[in-house]
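Trainee: There's a structure below that I have some questions on.
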Amino acid sequence: MGKLFAVVVAIITLISTAVFVSRIWWLPPDISVLGVGIDHQLMETMLASGVLFVTSQLVLALFVWRYGDRGDERPIRTFPGGATPMVIGATLLVSVEILVLSLVGTKVWGGIFLSPPNPNALHVDVMAEQFAFYFRYPGPDGKLGATHPEMIDDANSNFFGLDPANDTTARDDIVSASLVIPVNQPILLTMHSKDVGHAFYVPDLRIQQDFVPGLVIPLQFTATQVAKKEIVCTQLCGLGHYNMKGYLEVRTRDDFQQWLTEQSNQ
């Protein structure tokens with residue numbers, strides 16, 4: 001049984017490695033400026049952890065192959081100092097690996113969450129609720145109206161709690177169920193949640209960010225290709241979570257301006 005188990009471990013290890021190397025299940029093509037750095041960091045993480053995984057599994061298979069079926073009743077030889085040095089060594093090895101990967105990835109992470117927004121970024125306000133996304137753009141005046149949570153009323157399509165009767169900047173705000181943006185334009189999202197925790201996930205942008213009730217969370221990115229992609233919620237937010245999605249539409253600048261004009265005239 002020992003040799004059979006060793007063969008099974010080796011086969012599972014090699015098949016798992018082949019699946020990752022051949023990228024049978026992999027991320028979709030990147031369409032964002034930040035995606036290059038994220039993909040590079042992902043590959044470094046997969047390589048470092050993959051080498052340790054393959055090595056440890058094959059060493060396990062080798063030991064089981066050599067000693068798994070021996071029943072000669074010989075006394076067990078203990079490692080000098082017992083198992084403690086091996087446990088400490090393994091812990092230090094994994095800790096150093098995680099620390100190095102974290103330090104290497106700090107620049108990529110900071111580029112997403114700590115860099116100041118581009119002064120030319122298109123500002124889009126985002127509201128998540130059970131079970132939909134809504135996106136708000138400034139109208140011809142270039143300003144977003146103030147929001148009043150107590151005035152949110154889905155029945156009247158006031159998803160952001162605007163007060164157009166008393167706030168002139170809110171009267172021309174554009175609200176859409178899809179996130180429509182121009183290609184190669186820096187985008188700044190300000191993200192709100194009406195009720196519970198939600199998430200904004202677009203694999204093609206390499207972005208996943210949670211909505212936290214009570215907080216306004218900024219998120220910035222730049223899409224590099226004209227495309228239409230799905231936005232999904234990855235936080236379990238209720239019975240309709242499975243169906244909570246929206247769409248990201250990346251258009252040419254001319255098409256985006258035409259869409260913006262059409263929305264303003266409605």
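Each chain in the structure tokens gets a letter, A, B, ..., in the order shown, and its residues are numbered from 1; ligands are numbered from 1 in order too.
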Leaving out Pro164 of chain A and any residue of its chain fewer than 5 positions from it, which residues lie within 12 Å of it when counting only C-alpha atoms, given as a PyMOL selection string?
Mentor: chain A and resi 144-148+151+158+169-173
Trainee: If we count only C-alpha atoms and set the cut-off at 9 Å, which residues sit around Leu179 of chain A, ignoring sequence neighbours fewer than 2 positions away in its own chain? Please answer as a list in words.
Mentor: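 The neighbour list is Val124, Val126, Phe133, Tyr134, Phe135, Arg136, Ser176, Ala177, Ile181, Ile231, Gly246, Tyr247, Leu248, Glu249 and Val250 of chain A.
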Trainee: Work out how far apart atom CA of Thr261 of chain A and atom CA of Ala227 of chain A are and give it in Å to one decimal.
Mentor: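 Taking atom CA of Thr261 of chain A as the start and atom CA of Ala227 of chain A as the end point, the length is 20.3 Å.
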Trainee: Please report the interatomic distance between atom CA of Asp153 of chain A and atom CA of Glu129 of chain A in Å with one decimal.
Mentor: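 Between these atoms lies a distance of 12.0 Å.
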Trainee: Can you work out which one of A:Ala155, A:Ile38, A:Val54, A:Leu92 has the shortest atom-to-atom distance to Gly105 of chain A, counting only C-alpha atoms?
Mentor: A:Ile38
Trainee: Please report, as JSON lines, each residue of segment 211-253 of chain A lying at most 6 Å from segment 29-37 of chain A, together with the nearest pair of atoms and the separation in Å rounded to one decimal; use only C-alpha atoms, and order rows by chain and ascending residue number.
Mentor:
```
{"residue": "A:Thr222", "atom": "CA", "partner": "A:Ser32", "partner_atom": "CA", "distance": 5.5}
{"residue": "A:Ala223", "atom": "CA", "partner": "A:Ser32", "partner_atom": "CA", "distance": 4.4}
{"residue": "A:Thr224", "atom": "CA", "partner": "A:Ile31", "partner_atom": "CA", "distance": 5.2}
{"residue": "A:Gln225", "atom": "CA", "partner": "A:Ile31", "partner_atom": "CA", "distance": 5.7}
```
Trainee: Could you tell me how far atom CA of Ala199 of chain A sits from atom CA of Leu239 of chain A, in Å to one decimal place?
Mentor: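 Calculated distance between atom CA of Leu239 of chain A and atom CA of Ala199 of chain A is 15.4 Å.
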Trainee: Between A:Lys228, A:Arg253, A:Lys3, A:Lys143, which has the minimum distance to Leu62 of chain A (counting only C-alpha atoms)?
Mentor: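 For Leu62 of chain A, the nearest of the candidates is A:Lys3.
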Trainee: Pick the closest to Gln263 of chain A from A:Met244, A:Val19, A:Val51, A:Ile174: which is it, counting only C-alpha atoms?
Mentor: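 Answer, going by the shortest atom-to-atom distance: A:Ile174.
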Trainee: Of the candidates A:Phe113, A:Phe5, A:Tyr137, A:Phe256, which one gets nearest to Phe160 of chain A if we count only C-alpha atoms?
Mentor: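 Nearest candidate to Phe160 of chain A out of A:Phe113, A:Phe5, A:Tyr137, A:Phe256: A:Tyr137.
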Trainee: Taking the backbone alone, and naming residues the way the document does, which bits of segment 131-239 of chain A are helix (DSSP H, G or I) by DSSP, as a list in words?
Mentor: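 The helix (DSSP H, G or I) subset of segment 131-239 of chain A is Pro149, Glu150, Met151, Asp154, Ala155, Asn156, Thr168, Thr169, Ala170, Pro203, Asp204 and Leu205 of chain A.
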Trainee: Residues of segment 97-187 of chain A classed as strand (DSSP E) by DSSP on the backbone are to be reported as an NGL selection string.
Mentor: :A and (122-129 or 132-137 or 174-176 or 179-182 or 187)
Trainee: Keeping only N, CA, C and O atoms, take the residues you just selected and write them out as a PDB file, in the first residue's frame.
Mentor:
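This went into again16.pdb:
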```
ATOM      1  N   LEU A 122     -12.188  60.537 -14.639  1.00  0.00           N
ATOM      2  CA  LEU A 122     -13.643  60.659 -14.698  1.00  0.00           C
ATOM      3  C   LEU A 122     -14.210  60.125 -13.385  1.00  0.00           C
ATOM      4  O   LEU A 122     -14.000  58.966 -13.027  1.00  0.00           O
ATOM      5  N   HIS A 123     -14.932  60.973 -12.661  1.00  0.00           N
ATOM      6  CA  HIS A 123     -15.483  60.588 -11.366  1.00  0.00           C
ATOM      7  C   HIS A 123     -16.866  59.967 -11.557  1.00  0.00           C
ATOM      8  O   HIS A 123     -17.767  60.605 -12.110  1.00  0.00           O
ATOM      9  N   VAL A 124     -17.015  58.734 -11.081  1.00  0.00           N
ATOM     10  CA  VAL A 124     -18.302  58.034 -11.138  1.00  0.00           C
ATOM     11  C   VAL A 124     -18.641  57.565  -9.730  1.00  0.00           C
ATOM     12  O   VAL A 124     -17.835  56.899  -9.069  1.00  0.00           O
ATOM     13  N   ASP A 125     -19.817  57.940  -9.260  1.00  0.00           N
ATOM     14  CA  ASP A 125     -20.301  57.524  -7.948  1.00  0.00           C
ATOM     15  C   ASP A 125     -21.028  56.191  -8.110  1.00  0.00           C
ATOM     16  O   ASP A 125     -21.796  56.002  -9.070  1.00  0.00           O
ATOM     17  N   VAL A 126     -20.797  55.263  -7.178  1.00  0.00           N
ATOM     18  CA  VAL A 126     -21.371  53.919  -7.298  1.00  0.00           C
ATOM     19  C   VAL A 126     -22.173  53.591  -6.038  1.00  0.00           C
ATOM     20  O   VAL A 126     -21.692  53.802  -4.922  1.00  0.00           O
ATOM     21  N   MET A 127     -23.373  53.074  -6.242  1.00  0.00           N
ATOM     22  CA  MET A 127     -24.204  52.616  -5.132  1.00  0.00           C
ATOM     23  C   MET A 127     -24.511  51.134  -5.329  1.00  0.00           C
ATOM     24  O   MET A 127     -24.973  50.714  -6.398  1.00  0.00           O
ATOM     25  N   ALA A 128     -24.238  50.342  -4.283  1.00  0.00           N
ATOM     26  CA  ALA A 128     -24.582  48.915  -4.313  1.00  0.00           C
ATOM     27  C   ALA A 128     -25.704  48.674  -3.316  1.00  0.00           C
ATOM     28  O   ALA A 128     -25.706  49.237  -2.210  1.00  0.00           O
ATOM     29  N   GLU A 129     -26.640  47.847  -3.716  1.00  0.00           N
ATOM     30  CA  GLU A 129     -27.745  47.484  -2.822  1.00  0.00           C
ATOM     31  C   GLU A 129     -28.218  46.101  -3.206  1.00  0.00           C
ATOM     32  O   GLU A 129     -27.848  45.553  -4.235  1.00  0.00           O
ATOM     33  N   ALA A 132     -28.340  45.027  -6.792  1.00  0.00           N
ATOM     34  CA  ALA A 132     -28.060  45.762  -8.026  1.00  0.00           C
ATOM     35  C   ALA A 132     -26.962  46.788  -7.787  1.00  0.00           C
ATOM     36  O   ALA A 132     -26.652  47.144  -6.642  1.00  0.00           O
ATOM     37  N   PHE A 133     -26.367  47.235  -8.892  1.00  0.00           N
ATOM     38  CA  PHE A 133     -25.414  48.337  -8.886  1.00  0.00           C
ATOM     39  C   PHE A 133     -26.013  49.518  -9.638  1.00  0.00           C
ATOM     40  O   PHE A 133     -26.708  49.334 -10.636  1.00  0.00           O
ATOM     41  N   TYR A 134     -25.718  50.736  -9.167  1.00  0.00           N
ATOM     42  CA  TYR A 134     -26.121  51.949  -9.879  1.00  0.00           C
ATOM     43  C   TYR A 134     -24.912  52.883  -9.948  1.00  0.00           C
ATOM     44  O   TYR A 134     -24.118  52.963  -9.004  1.00  0.00           O
ATOM     45  N   PHE A 135     -24.803  53.589 -11.074  1.00  0.00           N
ATOM     46  CA  PHE A 135     -23.635  54.434 -11.335  1.00  0.00           C
ATOM     47  C   PHE A 135     -24.108  55.852 -11.664  1.00  0.00           C
ATOM     48  O   PHE A 135     -25.016  56.035 -12.480  1.00  0.00           O
ATOM     49  N   ARG A 136     -23.472  56.850 -11.028  1.00  0.00           N
ATOM     50  CA  ARG A 136     -23.895  58.238 -11.181  1.00  0.00           C
ATOM     51  C   ARG A 136     -22.764  59.087 -11.748  1.00  0.00           C
ATOM     52  O   ARG A 136     -21.633  59.038 -11.257  1.00  0.00           O
ATOM     53  N   TYR A 137     -23.087  59.859 -12.784  1.00  0.00           N
ATOM     54  CA  TYR A 137     -22.132  60.719 -13.466  1.00  0.00           C
ATOM     55  C   TYR A 137     -22.545  62.187 -13.287  1.00  0.00           C
ATOM     56  O   TYR A 137     -23.734  62.494 -13.223  1.00  0.00           O
ATOM     57  N   ILE A 174     -26.533  62.092 -13.891  1.00  0.00           N
ATOM     58  CA  ILE A 174     -26.940  60.981 -14.762  1.00  0.00           C
ATOM     59  C   ILE A 174     -26.765  59.679 -13.989  1.00  0.00           C
ATOM     60  O   ILE A 174     -25.689  59.391 -13.460  1.00  0.00           O
ATOM     61  N   VAL A 175     -27.819  58.894 -13.898  1.00  0.00           N
ATOM     62  CA  VAL A 175     -27.784  57.610 -13.185  1.00  0.00           C
ATOM     63  C   VAL A 175     -28.013  56.485 -14.190  1.00  0.00           C
ATOM     64  O   VAL A 175     -28.946  56.530 -14.990  1.00  0.00           O
ATOM     65  N   SER A 176     -27.145  55.483 -14.127  1.00  0.00           N
ATOM     66  CA  SER A 176     -27.202  54.374 -15.077  1.00  0.00           C
ATOM     67  C   SER A 176     -27.041  53.055 -14.336  1.00  0.00           C
ATOM     68  O   SER A 176     -26.375  52.984 -13.294  1.00  0.00           O
ATOM     69  N   LEU A 179     -21.953  50.592 -15.952  1.00  0.00           N
ATOM     70  CA  LEU A 179     -20.795  51.472 -15.825  1.00  0.00           C
ATOM     71  C   LEU A 179     -20.218  51.670 -17.230  1.00  0.00           C
ATOM     72  O   LEU A 179     -19.532  50.800 -17.766  1.00  0.00           O
ATOM     73  N   VAL A 180     -20.505  52.810 -17.821  1.00  0.00           N
ATOM     74  CA  VAL A 180     -20.040  53.139 -19.170  1.00  0.00           C
ATOM     75  C   VAL A 180     -18.885  54.119 -19.040  1.00  0.00           C
ATOM     76  O   VAL A 180     -19.032  55.180 -18.416  1.00  0.00           O
ATOM     77  N   ILE A 181     -17.745  53.793 -19.634  1.00  0.00           N
ATOM     78  CA  ILE A 181     -16.550  54.636 -19.497  1.00  0.00           C
ATOM     79  C   ILE A 181     -15.819  54.713 -20.835  1.00  0.00           C
ATOM     80  O   ILE A 181     -15.960  53.831 -21.681  1.00  0.00           O
ATOM     81  N   PRO A 182     -15.008  55.753 -21.031  1.00  0.00           N
ATOM     82  CA  PRO A 182     -14.193  55.839 -22.246  1.00  0.00           C
ATOM     83  C   PRO A 182     -12.895  55.045 -22.086  1.00  0.00           C
ATOM     84  O   PRO A 182     -12.353  54.921 -20.981  1.00  0.00           O
ATOM     85  N   ILE A 187     -10.236  56.418 -14.368  1.00  0.00           N
ATOM     86  CA  ILE A 187     -11.564  56.400 -13.749  1.00  0.00           C
ATOM     87  C   ILE A 187     -11.402  56.402 -12.231  1.00  0.00           C
ATOM     88  O   ILE A 187     -10.581  55.650 -11.689  1.00  0.00           O
TER      89      ILE A 187
END
```
